[in-house]
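For reference, upload_36.tsv is printed below; it contains TSV, C-alpha atoms.
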```
chain	number	residue	atom	x	y	z
A	559	MET	CA	99.56	116.70	101.19
A	560	ALA	CA	103.25	115.89	100.99
A	561	GLY	CA	105.28	114.48	98.11
A	562	THR	CA	108.85	113.29	98.04
A	563	GLY	CA	111.83	114.96	96.43
A	564	ARG	CA	114.46	112.29	96.84
A	565	GLU	CA	118.15	112.09	96.18
A	566	ALA	CA	118.94	109.84	93.25
A	567	GLY	CA	119.15	106.25	94.42
A	568	ALA	CA	118.71	107.20	98.07
A	569	ALA	CA	115.29	105.76	98.59
A	570	GLU	CA	115.06	102.94	96.11
A	571	ASN	CA	112.53	100.17	96.61
A	572	THR	CA	110.45	102.17	99.09
A	573	GLY	CA	107.30	100.67	97.67
A	574	PHE	CA	105.92	104.02	96.54
A	575	GLU	CA	106.61	106.52	93.85
A	576	ASP	CA	105.01	109.93	93.50
A	577	LEU	CA	102.69	108.68	90.74
A	578	SER	CA	99.42	106.94	91.34
A	579	ASP	CA	98.96	103.43	90.01
A	580	SER	CA	96.36	104.72	87.61
A	581	GLU	CA	98.82	107.15	86.07
A	582	PHE	CA	100.53	104.27	84.32
A	583	PRO	CA	99.33	103.93	80.73
A	584	ASP	CA	96.08	102.11	80.16
A	585	PHE	CA	96.50	99.65	77.30
A	586	SER	CA	93.50	101.13	75.51
A	587	GLU	CA	95.19	104.52	75.35
A	588	LEU	CA	98.50	103.43	73.79
A	589	GLY	CA	97.13	103.88	70.31
A	590	ASP	CA	93.93	103.94	68.32
A	591	ILE	CA	92.89	100.44	69.27
A	592	GLU	CA	89.78	100.58	67.12
A	593	GLU	CA	91.97	100.78	64.04
A	594	LEU	CA	93.64	97.49	64.90
A	595	GLY	CA	90.51	95.50	64.12
A	596	SER	CA	91.43	95.12	60.47
A	597	SER	CA	95.05	94.20	61.20
A	598	LEU	CA	94.67	91.49	63.80
A	599	GLY	CA	94.88	88.75	61.23
A	600	ASN	CA	95.71	85.19	62.18
A	601	PRO	CA	97.56	84.61	65.44
A	602	ARG	CA	101.17	83.67	65.03
A	603	LYS	CA	101.46	79.92	65.26
A	604	GLU	CA	104.80	80.01	66.99
A	605	VAL	CA	103.19	81.35	70.15
A	606	ASP	CA	101.63	78.36	71.83
A	607	ALA	CA	100.09	77.65	75.21
A	608	GLN	CA	102.00	74.41	75.64
A	609	GLY	CA	105.23	74.04	77.52
A	610	PRO	CA	106.41	73.43	81.08
A	611	TRP	CA	105.34	76.88	82.31
A	612	LYS	CA	104.11	75.47	85.61
A	613	ARG	CA	107.51	73.98	86.46
A	614	LYS	CA	108.83	75.11	89.81
A	615	ARG	CA	112.08	77.05	89.97
A	616	GLU	CA	115.32	75.32	90.83
A	617	ALA	CA	115.88	75.01	94.57
A	618	ASP	CA	118.87	77.37	94.62
A	619	ALA	CA	117.47	79.91	92.15
A	620	PRO	CA	116.14	83.24	93.46
A	621	THR	CA	112.45	84.00	93.18
A	622	PRO	CA	111.44	86.92	90.95
A	623	MET	CA	110.82	88.96	94.12
A	624	GLU	CA	114.43	88.31	95.12
A	625	ARG	CA	115.88	88.73	91.63
A	626	PHE	CA	114.25	92.13	91.17
A	627	HIS	CA	115.06	93.09	94.79
A	628	LEU	CA	111.41	93.74	95.56
A	629	GLY	CA	110.09	94.05	99.06
A	630	CYS	CA	106.59	94.60	97.70
A	631	LEU	CA	104.49	94.56	94.56
A	632	TRP	CA	102.51	97.39	93.04
A	633	VAL	CA	98.85	96.70	92.43
A	634	SER	CA	99.46	98.01	88.91
A	635	ASP	CA	102.02	95.24	88.36
A	636	LEU	CA	99.42	92.63	89.19
A	637	SER	CA	96.73	94.21	87.02
A	638	THR	CA	99.00	94.35	83.95
A	639	GLN	CA	99.99	90.75	84.61
A	640	SER	CA	96.48	89.78	83.46
A	641	TRP	CA	97.25	91.08	79.98
A	642	CYS	CA	100.55	89.28	79.39
A	643	GLU	CA	102.76	88.01	82.16
A	644	GLN	CA	105.85	87.86	79.98
A	645	GLN	CA	105.39	91.49	78.92
A	646	MET	CA	105.16	92.54	82.55
A	647	VAL	CA	108.43	90.72	83.30
A	648	TYR	CA	110.19	92.53	80.44
A	649	ARG	CA	108.98	95.85	81.82
A	650	LYS	CA	110.72	94.99	85.08
A	651	GLU	CA	113.90	93.84	83.34
A	652	ARG	CA	114.07	96.71	80.86
A	653	PRO	CA	112.68	99.87	82.45
A	654	GLY	CA	112.43	102.82	80.13
A	655	PHE	CA	111.99	100.60	77.06
A	656	PRO	CA	108.47	101.84	76.05
A	657	SER	CA	108.16	104.29	73.20
A	658	ALA	CA	107.96	108.08	73.38
A	659	GLU	CA	104.28	107.84	72.40
A	660	LYS	CA	103.49	105.73	75.43
A	661	ALA	CA	105.51	108.06	77.65
A	662	ALA	CA	103.36	110.93	76.39
A	663	VAL	CA	100.25	109.00	77.41
A	664	LEU	CA	101.74	108.57	80.87
A	665	ASP	CA	102.41	112.31	81.14
A	666	ALA	CA	98.87	113.17	80.04
A	667	GLY	CA	97.35	110.88	82.65
A	668	ALA	CA	99.64	112.22	85.37
A	669	SER	CA	98.69	115.81	84.56
A	670	ILE	CA	94.98	115.08	84.92
A	671	HIS	CA	95.52	113.30	88.22
A	672	LEU	CA	97.63	116.15	89.54
A	673	ALA	CA	95.01	118.72	88.57
A	674	ARG	CA	92.32	116.76	90.38
A	675	GLU	CA	94.49	116.38	93.46
A	676	LEU	CA	95.17	120.12	93.59
A	677	GLU	CA	91.42	120.73	93.69
A	678	LEU	CA	91.39	119.42	97.27
A	679	HIS	CA	94.77	120.34	98.71
A	680	ASP	CA	98.14	121.86	97.98
A	681	LEU	CA	101.23	119.73	97.45
A	682	VAL	CA	104.35	120.25	99.53
A	683	ASN	CA	107.62	118.88	98.16
A	684	ILE	CA	109.70	117.31	100.95
A	685	HIS	CA	113.32	116.26	100.56
A	686	THR	CA	113.98	112.68	101.63
A	687	SER	CA	117.25	110.75	101.59
A	688	THR	CA	116.29	107.40	103.15
A	689	LYS	CA	113.59	104.83	102.50
A	690	GLU	CA	112.33	105.48	106.04
A	691	ASP	CA	111.79	109.14	105.15
A	692	ALA	CA	110.03	108.19	101.91
A	693	TRP	CA	107.66	105.93	103.81
A	694	ALA	CA	107.27	108.56	106.53
A	695	VAL	CA	105.88	111.00	103.97
A	696	LYS	CA	103.27	108.46	102.94
A	697	LEU	CA	102.36	107.76	106.56
A	698	LEU	CA	101.97	111.48	107.20
A	699	ASN	CA	99.61	111.65	104.24
A	700	VAL	CA	97.57	108.81	105.73
A	701	LEU	CA	97.46	110.61	109.08
A	702	SER	CA	96.28	113.83	107.45
A	703	MET	CA	93.58	112.16	105.33
A	704	VAL	CA	92.02	109.83	107.91
A	705	PRO	CA	90.34	112.71	109.84
A	706	VAL	CA	88.99	114.17	106.59
A	707	LEU	CA	87.41	110.85	105.70
A	708	GLN	CA	86.08	110.48	109.26
A	709	SER	CA	84.31	113.81	108.96
A	710	GLY	CA	82.60	112.80	105.72
A	711	GLY	CA	84.98	114.58	103.36
A	712	THR	CA	86.61	113.53	100.11
A	713	ILE	CA	90.25	112.46	99.84
A	714	ARG	CA	92.45	111.75	96.84
A	715	GLU	CA	95.68	109.83	96.31
A	716	PHE	CA	95.33	107.74	99.48
A	717	PRO	CA	98.25	105.28	100.00
A	718	VAL	CA	97.26	101.70	100.73
A	719	PHE	CA	99.56	98.86	101.75
A	720	GLY	CA	99.41	95.48	103.40
A	721	GLU	CA	100.36	91.83	103.28
A	722	ILE	CA	98.03	89.54	101.34
A	723	GLU	CA	98.82	85.88	100.68
A	724	GLY	CA	102.28	86.41	102.17
A	725	VAL	CA	103.27	89.21	99.76
A	726	PHE	CA	103.31	92.91	100.62
A	727	LEU	CA	101.18	94.97	98.21
A	728	VAL	CA	101.11	98.73	97.76
A	729	GLY	CA	99.01	101.11	95.72
A	730	VAL	CA	97.37	104.52	95.64
A	731	ILE	CA	93.59	104.98	95.60
A	732	ASP	CA	92.53	107.84	93.34
A	733	GLU	CA	89.55	108.99	95.41
A	734	LEU	CA	87.43	108.03	98.41
A	735	HIS	CA	84.17	109.76	99.25
A	736	TYR	CA	80.72	109.08	100.68
A	737	THR	CA	77.66	108.71	98.49
A	738	SER	CA	74.26	110.26	99.22
A	739	LYS	CA	73.38	106.95	100.88
A	740	GLY	CA	76.32	107.23	103.25
A	741	GLU	CA	78.33	104.49	101.55
A	742	LEU	CA	82.10	104.80	101.25
A	743	GLU	CA	82.86	104.75	97.53
A	744	LEU	CA	86.18	104.27	95.76
A	745	THR	CA	86.56	106.07	92.44
A	746	GLU	CA	89.30	105.07	90.03
A	747	LEU	CA	90.10	107.58	87.28
A	748	LYS	CA	91.01	106.26	83.86
A	749	THR	CA	91.90	108.58	81.01
A	750	ARG	CA	90.94	107.87	77.40
A	751	LYS	CA	92.48	109.13	74.19
A	752	ARG	CA	89.08	109.12	72.48
A	753	ALA	CA	86.29	111.33	73.80
A	754	ALA	CA	83.95	108.38	74.23
A	755	MET	CA	83.11	105.73	76.80
A	756	PRO	CA	84.45	102.17	76.29
A	757	LEU	CA	82.41	99.83	74.14
A	758	ALA	CA	79.23	98.42	75.64
A	759	ALA	CA	80.80	94.98	75.29
A	760	GLN	CA	83.03	95.86	78.22
A	761	LYS	CA	80.07	95.65	80.53
A	762	GLU	CA	79.97	91.86	80.15
A	763	LYS	CA	78.68	90.57	83.47
A	764	ASP	CA	81.07	87.71	84.15
A	765	ARG	CA	84.32	89.31	83.10
A	766	PHE	CA	86.41	87.08	85.35
A	767	GLN	CA	85.64	84.26	82.90
A	768	LEU	CA	87.00	86.33	80.00
A	769	PRO	CA	90.16	84.28	79.28
A	770	PHE	CA	87.98	81.23	78.72
A	771	LEU	CA	85.28	83.05	76.73
A	772	CYS	CA	87.80	84.52	74.29
A	773	ASP	CA	89.16	81.07	73.44
A	774	PHE	CA	85.85	80.29	71.74
A	775	LEU	CA	85.42	83.56	69.85
A	776	PRO	CA	86.20	83.77	66.11
A	777	LEU	CA	89.22	85.83	65.10
A	778	GLU	CA	87.12	88.79	63.96
A	779	ASP	CA	85.81	89.15	67.52
A	780	HIS	CA	89.24	89.46	69.10
A	781	LEU	CA	88.87	93.25	69.17
A	782	VAL	CA	85.97	92.77	71.57
A	783	CYS	CA	88.23	90.54	73.66
A	784	LEU	CA	90.82	93.33	73.73
A	785	TYR	CA	88.38	95.75	75.29
A	786	LEU	CA	87.16	93.14	77.72
A	787	TYR	CA	90.71	92.33	78.81
A	788	LEU	CA	91.40	96.00	79.46
A	789	GLN	CA	88.29	96.33	81.57
A	790	LEU	CA	89.09	93.14	83.45
A	791	SER	CA	92.48	94.61	84.39
A	792	VAL	CA	90.83	97.72	85.86
A	793	LEU	CA	88.25	95.62	87.70
A	794	PHE	CA	91.00	93.55	89.29
A	795	GLN	CA	92.92	96.68	90.25
A	796	VAL	CA	90.09	98.41	92.09
A	797	SER	CA	89.06	95.14	93.75
A	798	LEU	CA	92.58	94.74	95.16
A	799	TYR	CA	92.44	98.30	96.46
A	800	LYS	CA	89.31	97.39	98.41
A	801	CYS	CA	90.95	94.27	99.83
A	802	ILE	CA	93.96	96.24	101.05
A	803	PHE	CA	92.03	99.25	102.38
A	804	ASP	CA	89.55	97.03	104.23
A	805	ALA	CA	92.44	95.12	105.82
A	806	MET	CA	93.98	98.42	106.96
A	807	VAL	CA	90.82	99.67	108.70
A	808	TRP	CA	90.11	96.23	110.17
A	809	GLY	CA	93.54	96.24	111.85
A	810	GLN	CA	94.80	93.32	109.77
A	811	VAL	CA	97.84	95.25	108.50
A	812	THR	CA	100.63	95.45	111.07
A	813	SER	CA	103.60	97.72	111.46
A	814	ALA	CA	105.79	94.63	111.94
A	815	SER	CA	104.80	93.38	108.48
A	816	LEU	CA	105.66	96.72	106.88
A	817	VAL	CA	109.05	96.86	108.63
A	818	HIS	CA	109.85	93.26	107.72
A	819	HIS	CA	108.95	93.34	104.03
A	820	MET	CA	110.37	96.79	103.30
A	821	LYS	CA	113.45	96.28	105.52
A	822	LEU	CA	112.87	99.50	107.44
A	823	SER	CA	114.59	100.67	110.64
A	824	PRO	CA	112.09	101.99	113.21
A	825	GLU	CA	114.88	103.60	115.22
A	826	MET	CA	115.90	105.81	112.28
A	827	LEU	CA	115.44	109.50	113.07
A	828	LEU	CA	113.29	111.46	110.67
A	829	GLY	CA	115.07	113.77	108.26
A	830	PRO	CA	114.92	117.54	108.95
A	831	GLN	CA	112.25	118.35	106.36
A	832	VAL	CA	110.13	115.32	107.24
A	833	HIS	CA	110.34	116.14	110.94
A	834	SER	CA	109.44	119.77	110.27
A	835	HIS	CA	106.43	118.77	108.17
A	836	ALA	CA	105.25	116.37	110.87
A	837	ARG	CA	105.53	119.09	113.49
A	838	GLN	CA	103.55	121.52	111.31
A	839	GLY	CA	100.83	118.89	111.09
A	840	GLY	CA	100.66	118.65	114.88
A	841	PHE	CA	102.45	115.30	115.17
A	842	THR	CA	105.09	115.00	117.88
A	843	VAL	CA	107.40	112.34	116.51
A	844	MET	CA	111.16	112.00	116.33
A	845	SER	CA	111.85	108.59	114.75
A	846	PHE	CA	110.28	106.56	112.00
A	847	GLY	CA	109.10	104.10	114.67
A	848	ASP	CA	107.23	106.91	116.47
A	849	LEU	CA	105.41	107.83	113.28
A	850	LEU	CA	104.71	104.20	112.46
A	851	GLU	CA	103.12	103.62	115.87
A	852	LEU	CA	101.04	106.79	115.59
A	853	THR	CA	99.76	105.90	112.11
A	854	PHE	CA	98.61	102.41	113.01
A	855	LEU	CA	97.06	103.70	116.24
A	856	SER	CA	95.15	106.31	114.24
A	857	LEU	CA	93.86	103.66	111.84
A	858	SER	CA	92.78	101.33	114.64
A	859	LEU	CA	90.87	104.10	116.47
A	860	SER	CA	89.37	105.72	113.39
A	861	ASP	CA	86.26	103.51	113.05
A	862	LEU	CA	86.46	104.03	109.30
A	863	PRO	CA	84.08	101.77	107.35
A	864	VAL	CA	85.14	99.33	104.67
A	865	ILE	CA	84.66	100.35	101.06
A	866	ASP	CA	81.06	99.76	100.00
A	867	ALA	CA	81.15	100.67	96.32
A	868	LEU	CA	83.67	100.66	93.48
A	869	LYS	CA	83.40	103.04	90.54
A	870	ILE	CA	85.48	103.72	87.43
A	871	GLU	CA	85.38	107.25	86.05
A	872	TYR	CA	86.50	107.85	82.47
A	873	SER	CA	88.03	111.18	81.50
A	874	HIS	CA	89.15	112.57	78.13
A	875	GLN	CA	92.94	112.96	78.07
A	876	GLU	CA	93.02	116.15	76.02
A	877	THR	CA	90.27	118.14	77.74
A	878	GLY	CA	89.88	116.43	81.13
A	879	THR	CA	86.13	116.18	80.51
A	880	VAL	CA	84.39	113.38	82.40
A	881	LEU	CA	82.98	110.95	79.82
A	882	GLY	CA	81.01	108.73	82.17
A	883	THR	CA	81.22	106.26	85.02
A	884	GLU	CA	80.78	102.53	85.55
A	885	MET	CA	80.11	100.63	88.76
A	886	VAL	CA	82.18	97.53	89.55
A	887	VAL	CA	80.84	94.45	91.33
A	888	PHE	CA	83.28	93.14	93.95
A	889	GLU	CA	83.66	89.35	93.78
A	890	GLU	CA	86.11	88.41	96.53
A	891	LYS	CA	86.62	84.73	95.69
A	892	GLN	CA	87.48	85.42	92.05
A	893	VAL	CA	89.78	88.28	93.06
A	894	ARG	CA	91.70	86.19	95.58
A	895	ASP	CA	91.94	83.19	93.24
A	896	LYS	CA	93.37	85.43	90.53
A	897	LEU	CA	95.76	87.02	93.02
A	898	ARG	CA	97.07	83.63	94.15
A	899	HIS	CA	97.70	82.64	90.54
A	900	HIS	CA	99.62	85.86	89.83
A	901	LEU	CA	101.66	85.59	93.02
A	902	GLY	CA	102.65	82.06	92.01
A	903	TYR	CA	105.08	83.61	89.54
A	904	TRP	CA	106.48	86.20	91.96
A	905	THR	CA	107.09	83.65	94.72
A	906	GLY	CA	108.82	81.23	92.36
A	907	LEU	CA	106.16	78.53	92.19
A	908	ARG	CA	106.05	78.70	88.39
A	909	GLU	CA	107.72	80.26	85.37
A	910	PRO	CA	106.31	83.37	83.64
A	911	ARG	CA	103.91	82.67	80.81
A	912	GLY	CA	103.30	84.52	77.58
A	913	VAL	CA	100.06	84.61	75.65
A	914	ASP	CA	98.23	81.57	74.29
A	915	VAL	CA	98.09	80.99	70.56
A	916	LYS	CA	94.56	82.39	70.35
A	917	GLU	CA	95.73	85.62	72.01
A	918	ALA	CA	98.79	86.12	69.83
A	919	TRP	CA	97.17	89.26	68.39
A	920	LYS	CA	98.28	91.00	71.58
A	921	CYS	CA	101.87	90.69	70.38
A	922	ARG	CA	101.16	93.23	67.63
A	923	MET	CA	100.79	95.88	70.34
A	924	CYS	CA	103.81	94.85	72.41
A	925	ASP	CA	107.11	96.76	72.59
A	926	TYR	CA	108.96	93.53	73.37
A	927	ALA	CA	107.67	91.31	70.56
A	928	ALA	CA	111.03	91.28	68.76
A	929	ILE	CA	112.93	90.03	71.81
A	930	CYS	CA	110.26	87.83	73.41
A	931	GLU	CA	111.67	84.42	74.31
A	932	TRP	CA	108.15	83.02	74.74
A	933	ARG	CA	107.39	83.77	71.07
A	934	GLN	CA	110.79	82.60	69.84
A	935	SER	CA	110.50	79.29	71.70
A	936	GLY	CA	107.01	78.64	70.37
A	937	GLY	CA	105.46	79.01	73.80
A	938	THR	CA	107.83	76.73	75.68
A	939	ARG	CA	109.95	77.70	78.62
A	940	THR	CA	113.39	76.16	78.78
A	941	LEU	CA	115.26	78.66	80.95
A	942	SER	CA	115.04	78.68	84.72
A	943	HIS	CA	114.70	81.98	86.59
A	944	GLU	CA	118.42	81.82	87.41
A	945	GLN	CA	119.48	81.11	83.81
A	946	HIS	CA	117.18	83.86	82.50
A	947	ALA	CA	118.60	86.35	85.02
A	948	LYS	CA	122.16	85.55	83.93
A	949	LYS	CA	121.20	86.00	80.28
A	950	MET	CA	119.60	89.40	80.91
A	951	THR	CA	122.77	90.69	82.67
A	952	LYS	CA	125.08	89.80	79.79
```
Take the structure in the file and give it back as structure tokens.
Amino acid sequence: MAGTGREAGAAENTGFEDLSDSEFPDFSELGDIEELGSSLGNPRKEVDAQGPWKRKREADAPTPMERFHLGCLWVSDLSTQSWCEQQMVYRKERPGFPSAEKAAVLDAGASIHLARELELHDLVNIHTSTKEDAWAVKLLNVLSMVPVLQSGGTIREFPVFGEIEGVFLVGVIDELHYTSKGELELTELKTRKRAAMPLAAQKEKDRFQLPFLCDFLPLEDHLVCLYLYLQLSVLFQVSLYKCIFDAMVWGQVTSASLVHHMKLSPEMLLGPQVHSHARQGGFTVMSFGDLLELTFLSLSLSDLPVIDALKIEYSHQETGTVLGTEMVVFEEKQVRDKLRHHLGYWTGLREPRGVDVKEAWKCRMCDYAAICEWRQSGGTRTLSHEQHAKKMTK
């Protein structure tokens, strides 16, 4: 499998990095969450759910997709949006802000994923200098993994991409394999700081109703809500992976959509190392367009099934020991409704929203609490996207 070794700034906004979505820190692993139970206290009254957060952007203001120069969204962006939308926005505006402790969690998760990937195949570092080359490496990985999956094998770190609800989404599936019943199963790896499975409360059946359920819980039960929110984020993530993968094998993802959203040039010749790697893999291609055509042809002729089952596997960060697994029920309507709501922010239909007053305990775990405009304004939004962008550049 190939990975990219890019020149600084040469392949920005390609839609993929070398890390899997699941290698970003899981909220539950950013500290000893269990110890927070006694410190949640009363929610801060200045954080309120009221305010004109549904107001549309000004006609001449750029959408967040335009302001952040995004041709696509990561599935991980959308899953963290469920926790706190305002926090997610700050992460986009201030990359590198998180603490050294959280960076260490990221490194630990990445190491475990890398070790698992190396169990199945070697990694080849390929130099790329254009966004076409960066995408070409991902397409070559797809081409190399499709036959393995067709033959009943197991693949890891499979790139997925496609347009859903008018927005181009990208992600990386941790693992795909067939069960003893012949079902295609997606496994998402999540690392845990504690050598124990999540609380049983996380197995609440109707977790898509969690935001409403937590509003009625007493303050002492907010710790349970924390765990449920974390699990809901993972559930949403793996469900989106299924939506995108299924669309790819059904032929609903087009090369034209990829080229349009990512602003790629099909006529661009492949770089020397990319071309050499393609040739070693038995692919006779010269340009990015050649590779693009071959990849989508391979997907359309593959007869790969849709994903039948979704599973979350929990692993101990320090030892890599598997702690247990949990099956996820795919509920398409709830997933798509949630996706439409999240995309409403990105497409400029509404302003970003912070947490409600009854969820203000989340702010105690946020790196951006001291600078959060949502908290400072008491939960009201007075700045437009354009005004906020100007303020952040000062």
| query | So how many Å separate CA of Leu862 (chain A) and CA of Lys748 (chain A), to one decimal? | reply |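 One can read the CA of Leu862 (chain A) to CA of Lys748 (chain A) distance as 25.9 Å.
Across the structure, CA of Leu636 (chain A) and CA of Gly912 (chain A) are spaced 14.7 Å apart.
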| field | Length of the CA of Trp693 (chain A) to CA of Leu816 (chain A) vector [Å] | value | 9.9 Å
| Using only C-alpha atoms: which of A:Gly840, A:Gly882, A:Gly740, A:Gly720 has the shortest distance to Leu852 (chain A) |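 For Leu852 (chain A), the nearest of the candidates is A:Gly840.
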| said: Using only C-alpha atoms for the distances, tell me which of A:Leu697, A:Cys930, A:Trp904, A:Arg714 is nearest to Phe626 (chain A). | reply: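 Selected residue with least distance to Phe626 (chain A): A:Trp904.
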| task | Kindly indicate which residue among A:Thr638, A:Val880, A:Leu698, A:Tyr648 lies nearest to Arg837 (chain A), using all atoms listed in the file for the distances. | result |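 With all atoms listed in the file as the atom set, the closest residue is A:Leu698.
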| field | Counting only C-alpha atoms, the residue of A:Leu822, A:Val913, A:Ala918, A:Leu855 that sits nearest Gln645 (chain A) | value |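 Under the stated criterion, the closest residue is A:Val913.
With all atoms listed in the file as the atoms that count, the minimum distance from Ser738 (chain A) to the choices A:Gly710, A:Gly902, A:Gly878, A:Pro653 is reached by A:Gly710.
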| Pick the closest to Val730 (chain A) from A:Lys696, A:Lys869, A:His818, A:His685: which is it, counting only C-alpha atoms? |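 Ranking A:Lys696, A:Lys869, A:His818, A:His685 by distance to Val730 (chain A), first place goes to A:Lys696.
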